[in-house]
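start.txt (compact mmCIF, C-alpha atoms)
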# COMPACT_ATOMS: atom_id res chain seq x y z
CA MET W 784 0.00 0.00 0.00
CA LEU W 785 1.19 3.54 -0.76
CA THR W 786 1.29 5.65 2.37
CA VAL W 787 1.62 9.43 2.52
CA ASN W 788 3.39 10.94 5.49
CA ARG W 789 1.31 14.09 5.76
CA TYR W 790 3.70 15.65 8.24
CA LYS W 791 6.46 15.44 5.64
CA CYS W 792 4.52 16.14 2.41
CA CYS W 793 5.16 19.64 1.02
CA TYR W 794 2.37 19.20 -1.57
CA CYS W 795 4.46 20.01 -4.65
CA GLY W 796 2.74 17.58 -7.02
CA ALA W 797 5.90 16.01 -8.49
CA CYS W 798 4.50 12.57 -7.61
CA VAL W 799 1.28 13.30 -9.52
CA GLY W 800 3.32 14.17 -12.63
CA VAL W 801 5.14 10.81 -12.73
CA CYS W 802 2.21 8.55 -11.76
CA PRO W 803 1.63 6.17 -14.69
CA THR W 804 -1.93 5.28 -13.66
CA CYS W 805 -3.15 8.79 -12.77
CA ALA W 806 -3.86 7.50 -9.25
CA LEU W 807 -2.68 10.60 -7.40
CA GLU W 808 -4.44 13.94 -7.05
CA LEU W 809 -3.16 16.98 -5.22
CA VAL W 810 -5.99 18.87 -3.53
CA GLU W 811 -4.33 22.02 -2.22
CA THR W 812 -2.27 20.59 0.65
CA TRP W 813 -3.81 17.10 0.57
CA LEU W 814 -2.50 14.28 -1.61
CA GLU W 815 -5.22 11.78 -2.50
CA VAL W 816 -4.39 8.19 -3.53
CA SER W 817 -7.04 6.35 -5.52
CA ALA W 818 -7.66 2.64 -6.03
CA GLU W 819 -5.87 2.92 -9.41
CA CYS W 820 -2.51 2.86 -7.56
CA LYS W 821 -0.40 -0.12 -8.66
CA GLU W 822 2.26 0.48 -5.97
CA CYS W 823 4.98 0.87 -8.59
CA GLY W 824 6.91 3.22 -6.30
CA LEU W 825 7.93 5.80 -8.95
CA CYS W 826 6.37 8.56 -6.86
CA THR W 827 8.43 7.57 -3.82
CA LYS W 828 11.65 8.07 -5.81
CA ILE W 829 10.79 11.53 -7.15
CA CYS W 830 9.52 12.91 -3.80
CA PRO W 831 12.01 15.62 -2.75
CA VAL W 832 11.15 15.18 0.94
CA GLY W 833 10.60 11.42 1.10
CA ALA W 834 6.97 11.62 2.17
CA LEU W 835 5.82 8.57 0.18
CA GLU W 836 6.40 4.92 0.96
CA VAL W 837 5.18 1.64 -0.50
CA ASN W 838 4.56 -0.86 2.30
CA ALA W 839 4.20 -4.56 1.77
CA MET D 206 -22.72 28.42 -15.34
CA LYS D 207 -21.61 29.03 -18.92
CA CYS D 208 -18.73 30.73 -20.74
CA ASP D 209 -16.67 30.60 -23.96
CA LEU D 210 -13.41 29.38 -22.46
CA ILE D 211 -12.34 27.75 -19.20
CA VAL D 212 -8.71 28.14 -18.15
CA VAL D 213 -7.65 25.57 -15.53
CA GLY D 214 -4.85 26.89 -13.32
CA ALA D 215 -3.96 30.49 -12.43
CA GLY D 216 -0.18 30.36 -12.73
CA PRO D 217 1.65 32.65 -15.18
CA GLY D 218 0.59 30.53 -18.19
CA GLY D 219 -3.07 30.39 -17.23
CA SER D 220 -3.32 34.07 -16.35
CA MET D 221 -1.71 35.19 -19.62
CA ALA D 222 -4.05 32.88 -21.56
CA ALA D 223 -7.09 34.22 -19.71
CA LYS D 224 -5.92 37.81 -20.22
CA ALA D 225 -5.26 37.39 -23.95
CA ALA D 226 -8.58 35.59 -24.53
CA ALA D 227 -10.57 38.15 -22.53
CA GLU D 228 -8.90 41.01 -24.39
CA ALA D 229 -9.92 39.34 -27.64
CA GLY D 230 -13.53 39.47 -26.47
CA LEU D 231 -14.11 35.99 -25.02
CA ASN D 232 -16.13 35.30 -21.92
CA VAL D 233 -13.46 33.56 -19.79
CA ILE D 234 -13.52 31.72 -16.47
CA MET D 235 -10.17 30.86 -14.85
CA LEU D 236 -10.19 28.18 -12.14
CA GLU D 237 -7.56 27.95 -9.39
CA LYS D 238 -7.74 25.02 -7.00
CA ARG D 239 -5.81 26.79 -4.27
CA GLN D 240 -7.40 29.38 -2.07
CA GLU D 241 -4.49 31.76 -2.64
CA ILE D 242 -2.92 32.30 -6.05
CA GLY D 243 0.86 31.87 -6.18
CA ASP D 244 1.29 30.22 -2.80
CA PRO D 245 2.97 27.86 -1.94
CA VAL D 246 5.74 28.68 -4.43
CA ARG D 247 7.55 25.90 -6.33
CA CYS D 248 10.13 27.91 -8.19
CA ALA D 249 13.59 29.52 -8.11
CA GLU D 250 11.97 32.70 -9.50
CA GLY D 251 14.62 33.82 -12.02
CA VAL D 252 13.56 35.33 -15.37
CA SER D 253 15.09 37.30 -18.21
CA LYS D 254 14.32 40.96 -17.80
CA ARG D 255 14.07 41.57 -21.54
CA THR D 256 11.63 38.76 -22.34
CA LEU D 257 9.41 39.56 -19.36
CA CYS D 258 9.18 43.25 -20.25
CA ARG D 259 8.23 42.37 -23.82
CA MET D 260 5.03 40.79 -22.48
CA VAL D 261 4.00 42.83 -19.42
CA LYS D 262 5.05 45.96 -17.63
CA PRO D 263 6.37 44.59 -14.33
CA GLU D 264 5.15 46.25 -11.14
CA PRO D 265 8.02 47.08 -8.74
CA GLU D 266 6.60 44.77 -6.06
CA TRP D 267 6.86 41.76 -8.41
CA ILE D 268 10.64 42.04 -8.45
CA ALA D 269 12.69 40.87 -5.44
CA SER D 270 16.02 41.79 -7.01
CA GLU D 271 17.89 42.48 -10.19
CA VAL D 272 21.17 40.76 -11.01
CA LYS D 273 24.19 41.65 -13.15
CA GLY D 274 25.00 38.17 -14.36
CA ALA D 275 25.61 34.55 -13.59
CA ARG D 276 28.60 32.84 -12.05
CA ILE D 277 29.09 29.14 -12.74
CA TYR D 278 31.19 26.93 -10.46
CA ALA D 279 32.83 23.66 -11.53
CA PRO D 280 33.11 20.87 -8.94
CA ASP D 281 36.79 21.81 -8.37
CA GLY D 282 35.81 25.39 -7.48
CA THR D 283 36.88 27.06 -10.74
CA SER D 284 34.33 29.66 -11.80
CA ILE D 285 33.31 31.65 -14.87
CA VAL D 286 31.11 34.74 -15.09
CA MET D 287 28.47 35.58 -17.71
CA SER D 288 26.87 39.00 -17.97
CA GLU D 289 23.10 39.42 -17.60
CA ASP D 290 22.16 40.22 -21.17
CA LYS D 291 24.12 37.23 -22.45
CA SER D 292 23.15 34.52 -20.01
CA GLY D 293 19.76 33.69 -21.39
CA ASP D 294 16.35 33.41 -19.91
CA GLU D 295 16.89 32.62 -16.26
CA VAL D 296 18.83 35.63 -15.03
CA GLY D 297 17.96 39.30 -14.87
CA TYR D 298 15.08 39.60 -12.45
CA VAL D 299 14.46 37.42 -9.44
CA LEU D 300 10.70 37.56 -8.92
CA GLU D 301 8.51 37.41 -5.85
CA ARG D 302 6.23 34.72 -7.29
CA LYS D 303 3.55 35.06 -4.61
CA VAL D 304 3.03 38.67 -5.62
CA PHE D 305 3.82 38.18 -9.31
CA ASP D 306 1.33 35.33 -9.89
CA ARG D 307 -1.42 37.25 -8.17
CA GLY D 308 -0.49 40.34 -10.18
CA LEU D 309 -0.87 38.46 -13.47
CA ALA D 310 -4.21 36.98 -12.33
CA MET D 311 -5.26 40.55 -11.56
CA LEU D 312 -4.38 41.58 -15.13
CA ALA D 313 -6.57 38.74 -16.41
CA ALA D 314 -9.40 39.88 -14.14
CA GLN D 315 -8.99 43.49 -15.28
CA ALA D 316 -9.22 42.30 -18.88
CA GLY D 317 -12.60 40.80 -18.00
CA ALA D 318 -11.86 37.19 -17.02
CA LYS D 319 -13.74 35.75 -14.06
CA VAL D 320 -11.30 34.23 -11.55
CA MET D 321 -12.59 31.49 -9.26
CA VAL D 322 -10.28 30.42 -6.43
CA LYS D 323 -10.55 27.30 -4.26
CA THR D 324 -12.22 25.73 -7.30
CA ARG D 325 -10.76 22.47 -8.55
CA ALA D 326 -11.47 20.90 -11.94
CA LYS D 327 -12.41 17.24 -11.41
CA GLY D 328 -13.04 16.15 -14.97
CA LEU D 329 -14.24 17.17 -18.42
CA LEU D 330 -17.92 17.26 -19.33
CA ARG D 331 -18.81 15.68 -22.66
CA LYS D 332 -21.88 15.68 -24.86
CA ASN D 333 -21.93 13.07 -27.67
CA GLY D 334 -18.20 12.65 -27.11
CA ALA D 335 -17.38 16.34 -27.58
CA ILE D 336 -16.04 18.39 -24.68
CA CYS D 337 -18.68 20.75 -23.31
CA GLY D 338 -17.21 21.95 -20.02
CA VAL D 339 -15.58 21.12 -16.72
CA SER D 340 -17.01 19.51 -13.64
CA ALA D 341 -15.50 21.27 -10.65
CA LEU D 342 -15.61 21.43 -6.90
CA ARG D 343 -15.97 24.97 -5.63
CA ILE D 344 -15.27 25.38 -1.92
CA GLY D 345 -16.28 21.76 -1.55
CA GLU D 346 -19.53 22.04 -3.55
CA PRO D 347 -20.02 20.49 -7.00
CA LEU D 348 -20.23 22.96 -9.87
CA ASP D 349 -20.56 22.24 -13.59
CA ILE D 350 -19.26 24.94 -15.92
CA GLU D 351 -20.18 24.79 -19.60
CA ALA D 352 -17.69 25.81 -22.28
CA SER D 353 -16.65 24.18 -25.51
CA LEU D 354 -12.97 25.10 -25.15
CA ILE D 355 -10.59 24.35 -22.25
CA ILE D 356 -7.02 25.56 -21.69
CA GLY D 357 -5.14 23.28 -19.30
CA ALA D 358 -2.51 25.34 -17.46
CA ASP D 359 -2.61 23.01 -14.49
CA GLY D 360 1.10 22.55 -13.92
CA VAL D 361 3.38 19.58 -13.36
CA GLU D 362 0.45 17.65 -11.87
CA SER D 363 -1.72 18.36 -14.95
CA LYS D 364 -4.83 16.27 -15.42
CA VAL D 365 -6.57 18.20 -18.21
CA GLY D 366 -4.29 16.69 -20.88
CA ARG D 367 -4.74 13.16 -19.59
CA TRP D 368 -8.51 13.59 -19.44
CA ALA D 369 -8.44 14.72 -23.08
CA GLY D 370 -6.30 11.79 -24.20
CA ILE D 371 -2.84 13.44 -24.19
CA ASP D 372 -0.38 11.39 -22.14
CA THR D 373 1.52 13.96 -20.11
CA THR D 374 3.02 11.45 -17.64
CA LEU D 375 6.69 12.26 -17.04
CA ARG D 376 9.38 9.55 -17.11
CA LEU D 377 11.74 9.81 -14.13
CA ALA D 378 14.55 10.80 -16.52
CA ASP D 379 12.40 13.71 -17.72
CA ILE D 380 11.68 15.44 -14.41
CA GLU D 381 14.01 17.07 -11.92
CA SER D 382 13.30 16.63 -8.22
CA CYS D 383 13.97 20.02 -6.62
CA ALA D 384 14.33 21.53 -3.16
CA GLN D 385 15.04 25.11 -2.16
CA PHE D 386 15.48 27.21 0.95
CA LEU D 387 15.12 30.95 1.24
CA VAL D 388 18.32 31.72 3.12
CA HIS D 389 19.63 34.70 5.03
CA ASP D 390 23.44 34.71 4.94
CA ALA D 391 26.06 37.46 5.03
CA SER D 392 28.10 35.63 2.36
CA ILE D 393 25.40 35.88 -0.32
CA ASP D 394 26.43 37.71 -3.50
CA GLU D 395 23.54 40.08 -4.18
CA ASP D 396 24.62 40.89 -7.74
CA TYR D 397 24.99 37.46 -9.28
CA THR D 398 22.97 34.31 -9.65
CA GLU D 399 25.27 31.41 -8.92
CA PHE D 400 25.23 27.89 -10.32
CA PHE D 401 27.09 24.99 -8.70
CA LEU D 402 27.79 21.96 -10.86
CA GLY D 403 28.88 18.48 -9.83
CA ASN D 404 27.60 14.96 -9.41
CA SER D 405 28.03 14.96 -5.65
CA ILE D 406 26.30 18.37 -5.35
CA ALA D 407 23.32 17.69 -7.65
CA PRO D 408 23.54 14.51 -9.77
CA SER D 409 22.49 15.28 -13.38
CA GLY D 410 21.23 18.67 -12.33
CA TYR D 411 22.67 21.74 -10.63
CA ALA D 412 22.47 23.79 -7.48
CA TRP D 413 21.71 27.52 -7.51
CA SER D 414 21.72 30.70 -5.49
CA PHE D 415 19.32 33.39 -6.76
CA PRO D 416 19.61 36.61 -4.73
CA LYS D 417 16.34 38.01 -3.38
CA GLY D 418 17.49 41.18 -1.71
CA GLU D 419 19.88 42.12 1.03
CA LYS D 420 21.80 39.00 2.15
CA LEU D 421 18.85 36.90 1.09
CA ALA D 422 18.72 34.23 -1.63
CA ASN D 423 16.82 31.24 -2.97
CA ILE D 424 19.34 28.46 -2.54
CA GLY D 425 18.27 25.20 -4.08
CA LEU D 426 19.04 22.28 -6.31
CA GLY D 427 17.47 19.90 -8.78
CA ILE D 428 18.46 16.32 -9.51
CA GLN D 429 17.37 14.07 -12.36
CA GLY D 430 14.44 11.91 -11.28
CA SER D 431 16.12 8.75 -12.48
CA ARG D 432 19.00 9.45 -10.06
CA SER D 433 16.73 10.44 -7.19
CA LYS D 434 15.63 8.38 -4.22
CA PRO D 435 13.11 9.21 -1.47
CA GLY D 436 14.01 12.54 0.15
CA GLU D 437 17.29 12.85 -1.77
CA ALA D 438 16.80 16.46 -2.97
CA VAL D 439 16.27 17.80 0.55
CA ARG D 440 19.14 15.69 1.92
CA LEU D 441 21.54 17.06 -0.72
CA LEU D 442 20.37 20.60 -0.08
CA HIS D 443 21.16 20.28 3.62
CA GLN D 444 24.60 19.02 2.58
CA LEU D 445 25.09 22.03 0.28
CA MET D 446 24.08 24.38 3.09
CA LYS D 447 26.64 22.76 5.38
CA THR D 448 29.52 23.04 2.90
CA ARG D 449 28.70 26.33 1.11
CA PHE D 450 26.55 28.37 3.49
CA PRO D 451 27.34 27.04 6.99
CA ASN D 452 26.07 30.22 8.67
CA GLY D 453 22.91 30.50 6.56
CA ARG D 454 19.57 30.90 8.28
CA ILE D 455 16.73 29.08 6.55
CA VAL D 456 13.52 31.12 6.58
CA GLU D 457 11.41 29.27 3.99
CA MET D 458 11.28 25.86 2.30
CA VAL D 459 10.14 25.12 -1.24
CA VAL D 460 10.04 21.81 -3.15
CA GLY D 461 8.86 20.79 -6.59
CA GLY D 462 9.12 18.69 -9.72
CA ASP D 463 10.35 20.36 -12.89
CA PRO D 464 9.53 18.82 -16.30
CA CYS D 465 12.54 18.52 -18.64
CA SER D 466 11.23 16.16 -21.29
CA GLY D 467 11.71 18.27 -24.39
CA PRO D 468 8.74 19.24 -26.57
CA ILE D 469 5.61 17.21 -25.96
CA GLU D 470 4.21 15.25 -28.93
CA THR D 471 1.02 17.29 -28.96
CA ALA D 472 -0.29 20.11 -26.81
CA THR D 473 -3.73 20.11 -28.41
CA ALA D 474 -6.72 17.79 -28.55
CA ASP D 475 -10.30 18.40 -29.65
CA GLY D 476 -11.48 21.29 -27.47
CA VAL D 477 -8.26 21.42 -25.42
CA MET D 478 -4.95 23.32 -25.42
CA LEU D 479 -2.18 22.75 -22.86
CA VAL D 480 0.09 25.55 -21.63
CA GLY D 481 3.24 25.76 -19.46
CA ASP D 482 4.39 22.89 -17.22
CA ALA D 483 1.23 20.99 -18.22
CA ALA D 484 2.67 20.92 -21.77
CA HIS D 485 6.25 20.35 -20.54
CA GLN D 486 7.19 23.77 -21.94
CA THR D 487 10.04 24.24 -19.47
CA ASP D 488 13.58 24.56 -20.81
CA PRO D 489 15.07 21.09 -20.19
CA LEU D 490 18.58 22.43 -19.62
CA THR D 491 17.88 25.28 -17.19
CA GLY D 492 14.51 24.16 -15.85
CA GLY D 493 13.18 27.69 -16.41
CA GLY D 494 9.51 27.75 -17.34
CA ILE D 495 7.85 31.04 -16.34
CA LEU D 496 8.41 32.97 -19.55
CA ASN D 497 7.74 30.02 -21.85
CA ALA D 498 4.46 29.42 -20.05
CA MET D 499 3.51 33.11 -20.39
CA GLN D 500 4.33 33.21 -24.09
CA ALA D 501 2.44 29.97 -24.75
CA GLY D 502 -0.44 31.33 -22.67
CA VAL D 503 -0.74 34.44 -24.85
CA MET D 504 -0.69 32.32 -28.01
CA ALA D 505 -3.30 29.88 -26.66
CA GLY D 506 -5.55 32.78 -25.58
CA GLU D 507 -5.34 34.41 -28.99
CA VAL D 508 -5.93 31.17 -30.87
CA ALA D 509 -8.89 30.42 -28.58
CA ALA D 510 -10.60 33.61 -29.71
CA LYS D 511 -9.92 32.90 -33.39
CA ALA D 512 -11.08 29.29 -33.18
CA ILE D 513 -14.28 30.25 -31.41
CA SER D 514 -15.16 32.89 -33.99
CA ALA D 515 -14.30 30.42 -36.79
CA GLY D 516 -16.51 27.83 -35.08
CA ASP D 517 -13.90 25.05 -35.29
CA LEU D 518 -12.64 23.80 -31.92
CA SER D 519 -11.34 20.48 -33.19
CA ARG D 520 -7.65 19.72 -32.89
CA GLN D 521 -7.37 20.84 -36.51
CA GLY D 522 -9.04 24.14 -35.65
CA LEU D 523 -6.50 24.70 -32.86
CA ALA D 524 -3.50 23.83 -35.05
CA GLU D 525 -2.32 27.45 -35.13
CA TYR D 526 -1.46 27.23 -31.42
CA GLU D 527 0.58 24.09 -32.05
CA THR D 528 2.49 25.73 -34.91
CA ARG D 529 3.09 28.99 -33.08
CA TRP D 530 4.38 27.61 -29.78
CA ARG D 531 6.67 25.16 -31.55
CA GLU D 532 8.13 27.97 -33.64
CA LYS D 533 8.48 30.47 -30.77
CA ILE D 534 9.66 28.27 -27.88
CA GLY D 535 9.53 24.63 -29.04
CA LYS D 536 12.69 24.81 -31.14
CA THR D 537 14.74 26.12 -28.23
CA ILE D 538 13.22 23.52 -25.92
CA ALA D 539 14.17 20.76 -28.40
CA ARG D 540 17.72 22.06 -28.66
CA SER D 541 18.07 22.41 -24.88
CA PHE D 542 16.82 18.86 -24.51
CA LYS D 543 19.69 17.59 -26.66
CA PHE D 544 22.15 19.56 -24.53
CA LYS D 545 20.55 18.21 -21.37
CA GLU D 546 20.77 14.61 -22.60
CA PHE D 547 24.50 15.23 -23.08
CA PHE D 548 25.21 17.14 -19.88
CA VAL D 549 23.48 14.64 -17.57
CA LYS D 550 26.13 12.09 -18.60
CA LEU D 551 29.16 14.26 -17.75
CA THR D 552 31.52 13.23 -14.96
CA ASP D 553 32.95 15.80 -12.55
CA LYS D 554 36.25 15.50 -14.41
CA ASP D 555 34.49 16.46 -17.68
CA ILE D 556 32.78 19.45 -16.05
CA ASN D 557 36.07 20.63 -14.53
CA GLN D 558 37.69 20.40 -17.96
CA LEU D 559 34.88 22.37 -19.65
CA VAL D 560 34.63 25.16 -17.08
CA GLY D 561 38.42 25.23 -16.71
CA SER D 562 38.90 25.75 -20.44
CA LEU D 563 36.75 28.91 -20.31
CA ALA D 564 38.30 30.26 -17.11
CA LYS D 565 41.27 31.64 -19.05
CA GLU D 566 39.09 33.31 -21.72
CA ASP D 567 37.30 36.63 -21.61
CA ILE D 568 33.72 35.46 -22.02
CA SER D 569 32.07 38.55 -20.55
CA LYS D 570 31.17 39.86 -24.01
CA MET D 571 30.11 36.52 -25.47
CA ASP D 572 26.59 35.24 -25.94
CA LEU D 573 25.77 31.62 -25.20
CA GLN D 574 26.38 30.48 -28.77
CA GLY D 575 29.75 32.23 -28.88
CA MET D 576 30.70 30.64 -25.59
CA LEU D 577 29.69 27.21 -26.87
CA ARG D 578 31.86 27.70 -29.94
CA VAL D 579 34.88 28.52 -27.77
CA LEU D 580 34.09 25.51 -25.59
CA PHE D 581 34.00 23.32 -28.68
CA ARG D 582 37.28 24.69 -29.96
CA PHE D 583 39.01 23.80 -26.66
CA ASN D 584 37.23 20.48 -26.04
CA PRO D 585 36.43 18.98 -29.46
CA LYS D 586 36.69 15.36 -28.32
CA LEU D 587 34.43 15.76 -25.30
CA LEU D 588 31.81 17.78 -27.17
CA TRP D 589 31.96 15.96 -30.51
CA GLU D 590 28.40 14.62 -30.35
CA LEU D 591 27.10 18.20 -29.94
CA LYS D 592 28.95 19.38 -33.03
CA SER D 593 25.86 19.91 -35.17
CA LEU D 594 24.22 22.00 -32.39
CA ILE D 595 27.22 24.25 -31.83
CA ILE D 596 28.87 24.87 -35.20
Is it possible to express this structure as structure tokens?
Amino acid sequence: MLTVNRYKCCYCGACVGVCPTCALELVETWLEVSAECKECGLCTKICPVGALEVNA
Amino acid sequence: MKCDLIVVGAGPGGSMAAKAAAEAGLNVIMLEKRQEIGDPVRCAEGVSKRTLCRMVKPEPEWIASEVKGARIYAPDGTSIVMSEDKSGDEVGYVLERKVFDRGLAMLAAQAGAKVMVKTRAKGLLRKNGAICGVSALRIGEPLDIEASLIIGADGVESKVGRWAGIDTTLRLADIESCAQFLVHDASIDEDYTEFFLGNSIAPSGYAWSFPKGEKLANIGLGIQGSRSKPGEAVRLLHQLMKTRFPNGRIVEMVVGGDPCSGPIETATADGVMLVGDAAHQTDPLTGGGILNAMQAGVMAGEVAAKAISAGDLSRQGLAEYETRWREKIGKTIARSFKFKEFFVKLTDKDINQLVGSLAKEDISKMDLQGMLRVLFRFNPKLLWELKSLII
């Protein structure tokens, strides 16, 4: 499962730009993850602050 | 609610599009999902003075500082200096984006566009397959807005293109992961933007210092997404602060993703035009995108008015936008992309050699092309694959 550390997230939207399944949506300061997420982890790599994590 | 044109996103690209379209007589609604335009910032804020002034008359409060030129540091510490009028599009003015973005939105509003903040586009409305508006959420309440033409200026996280069938997803190699601090430090050079190169400083990217007034600067870096790992940009920035600005006081933090993919295959679909980061119109080499977005915005706004009066909003009917942006900014973006693809491969030794070879030359009077020619003359072997771009 993709988890968002909301205390770390700086809501820049870089993760949304690289998401291949369009599963992420940035709503002002709130990153939404939809059921489309395939847990590929690309978003975790691009995140400048390391707010995203794929957990087994 | 009904209008001629909906612009999604009130950044510099969206506001210029809304302004141009409203001035051409269209009934325009511009949506901004945030409650405040321009905040939080995701930008190093540098622009060319000349290009900016060609489009708008800047208000004094938009400008945080004005610089004389750029200084570029190799990993071994050797540096070269370029003067402002020669260093291209990312030096000249350092903006105050929070004020600047709102100022441009104000110009759009003054031209007659309706600006709706805290209003997020959720999808496109279609009738018999054709786009007929945007379904939005305004302060948490559903709102359908009818319009047969949409301009997507919705940034790096753009959805408008994807909804319309344009794949704007960025490969990790085609986006830079960036972090920046606004720093107060006595050692900051107020007259020059500074660029720090090196694979241990910013792998396949660069670090920068853009002065923002007295002893104040945006100090940041961008690294290629394919060489990034979770939290890497911020970690490297802390490291840069420690080595370069150990006494710096951090008073603001900014992060972001910067497209550097080169020109997108198409920025138009039936009933849709994309502008700015949404269309990957950033310069892949420098990462600068403000002025490209503004220029594309003006073109999209003008074409919107023409297409509506001609009654053809198909992709074919919007082809003039495609032709114009490719001519005006697309060629440079394509060229910069080739340079970027080359520069991301350079080792620190290569960079030292390149910067070192210019250090003995007087480049203060040279433009970028002239400088590249000198670089090629001194380093033909290293730069051979760029030959056709330089000579």
For a quick test of understanding: name the residues of chain D lying within 9 Å of chain W when counting all atoms listed in the file, and present them as a PDB file with C-alpha atoms, in the frame of the given file.
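Below is the file iface-v9.pdb, written as the result:
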ATOM      1  CA  LYS D 238      -7.740  25.020  -7.000  1.00  0.00           C
ATOM      2  CA  ARG D 239      -5.810  26.790  -4.270  1.00  0.00           C
ATOM      3  CA  GLN D 240      -7.400  29.380  -2.070  1.00  0.00           C
ATOM      4  CA  PRO D 245       2.970  27.860  -1.940  1.00  0.00           C
ATOM      5  CA  VAL D 246       5.740  28.680  -4.430  1.00  0.00           C
ATOM      6  CA  ARG D 247       7.550  25.900  -6.330  1.00  0.00           C
ATOM      7  CA  LYS D 323     -10.550  27.300  -4.260  1.00  0.00           C
ATOM      8  CA  ARG D 325     -10.760  22.470  -8.550  1.00  0.00           C
ATOM      9  CA  GLY D 360       1.100  22.550 -13.920  1.00  0.00           C
ATOM     10  CA  VAL D 361       3.380  19.580 -13.360  1.00  0.00           C
ATOM     11  CA  GLU D 362       0.450  17.650 -11.870  1.00  0.00           C
ATOM     12  CA  SER D 363      -1.720  18.360 -14.950  1.00  0.00           C
ATOM     13  CA  LYS D 364      -4.830  16.270 -15.420  1.00  0.00           C
ATOM     14  CA  ARG D 367      -4.740  13.160 -19.590  1.00  0.00           C
ATOM     15  CA  THR D 373       1.520  13.960 -20.110  1.00  0.00           C
ATOM     16  CA  THR D 374       3.020  11.450 -17.640  1.00  0.00           C
ATOM     17  CA  LEU D 375       6.690  12.260 -17.040  1.00  0.00           C
ATOM     18  CA  ARG D 376       9.380   9.550 -17.110  1.00  0.00           C
ATOM     19  CA  LEU D 377      11.740   9.810 -14.130  1.00  0.00           C
ATOM     20  CA  ILE D 380      11.680  15.440 -14.410  1.00  0.00           C
ATOM     21  CA  GLU D 381      14.010  17.070 -11.920  1.00  0.00           C
ATOM     22  CA  SER D 382      13.300  16.630  -8.220  1.00  0.00           C
ATOM     23  CA  CYS D 383      13.970  20.020  -6.620  1.00  0.00           C
ATOM     24  CA  ALA D 384      14.330  21.530  -3.160  1.00  0.00           C
ATOM     25  CA  GLN D 429      17.370  14.070 -12.360  1.00  0.00           C
ATOM     26  CA  GLY D 430      14.440  11.910 -11.280  1.00  0.00           C
ATOM     27  CA  SER D 431      16.120   8.750 -12.480  1.00  0.00           C
ATOM     28  CA  ARG D 432      19.000   9.450 -10.060  1.00  0.00           C
ATOM     29  CA  SER D 433      16.730  10.440  -7.190  1.00  0.00           C
ATOM     30  CA  LYS D 434      15.630   8.380  -4.220  1.00  0.00           C
ATOM     31  CA  PRO D 435      13.110   9.210  -1.470  1.00  0.00           C
ATOM     32  CA  GLY D 436      14.010  12.540   0.150  1.00  0.00           C
ATOM     33  CA  GLU D 437      17.290  12.850  -1.770  1.00  0.00           C
ATOM     34  CA  ALA D 438      16.800  16.460  -2.970  1.00  0.00           C
ATOM     35  CA  VAL D 439      16.270  17.800   0.550  1.00  0.00           C
ATOM     36  CA  ARG D 440      19.140  15.690   1.920  1.00  0.00           C
ATOM     37  CA  MET D 458      11.280  25.860   2.300  1.00  0.00           C
ATOM     38  CA  VAL D 459      10.140  25.120  -1.240  1.00  0.00           C
ATOM     39  CA  VAL D 460      10.040  21.810  -3.150  1.00  0.00           C
ATOM     40  CA  GLY D 461       8.860  20.790  -6.590  1.00  0.00           C
ATOM     41  CA  GLY D 462       9.120  18.690  -9.720  1.00  0.00           C
ATOM     42  CA  ASP D 463      10.350  20.360 -12.890  1.00  0.00           C
ATOM     43  CA  PRO D 464       9.530  18.820 -16.300  1.00  0.00           C
TER      44      PRO D 464
END
Please compute the CA of Val320 (chain D)-CA of Ala474 (chain D) distance, one decimal, in Å.
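Taking CA of Val320 (chain D) and CA of Ala474 (chain D), their separation equals 24.1 Å.
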Atom pair CA of Asp209 (chain D) / CA of Glu241 (chain D): separation (Å)
24.6 Å
Exercise: Val304 (chain D) partners within 12 Å, only C-alpha atoms, chain neighbours under 6 positions left out, as a CSV table (one decimal) with C-alpha atoms, keeping the file's coordinate frame:
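Written output follows (around.csv):
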chain,number,residue,atom,x,y,z
D,216,GLY,CA,-0.2,30.4,-12.7
D,217,PRO,CA,1.6,32.6,-15.2
D,241,GLU,CA,-4.5,31.8,-2.6
D,242,ILE,CA,-2.9,32.3,-6.0
D,243,GLY,CA,0.9,31.9,-6.2
D,244,ASP,CA,1.3,30.2,-2.8
D,245,PRO,CA,3.0,27.9,-1.9
D,246,VAL,CA,5.7,28.7,-4.4
D,250,GLU,CA,12.0,32.7,-9.5
D,263,PRO,CA,6.4,44.6,-14.3
D,264,GLU,CA,5.2,46.2,-11.1
D,265,PRO,CA,8.0,47.1,-8.7
D,266,GLU,CA,6.6,44.8,-6.1
D,267,TRP,CA,6.9,41.8,-8.4
D,268,ILE,CA,10.6,42.0,-8.4
D,269,ALA,CA,12.7,40.9,-5.4
D,310,ALA,CA,-4.2,37.0,-12.3
D,311,MET,CA,-5.3,40.6,-11.6
Between CA of Val212 (chain D) and CA of Leu814 (chain W), what is the spacing in Å?
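Separation between CA of Leu814 (chain W) and CA of Val212 (chain D): 22.5 Å.
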Using only C-alpha atoms, which residues sit within 8 Å of Gly476 (chain D) once same-chain residues fewer than 4 positions away are excluded, as a VMD selection string?
chain D and resid 335 to 336 353 to 355 518 to 520
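Shortest atom-to-atom contact with Asp372 (chain D) among D:Leu445, D:Val503, D:Ile344, D:Ala483: D:Ala483, counting all atoms listed in the file.
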With all atoms listed in the file counted, which protein, DNA or RNA residues have an atom no more than 12 Å from (15.4, 21.7, -19.3) in the file frame? Please answer as a count of residues only.
45
Which neighbours of Pro280 (chain D) fall inside 7 Å, counting all atoms listed in the file, when residues of the same chain fewer than 5 positions from it are skipped, and could you give them as a PyMOL selection string?
chain D and resi 402-403+553+557
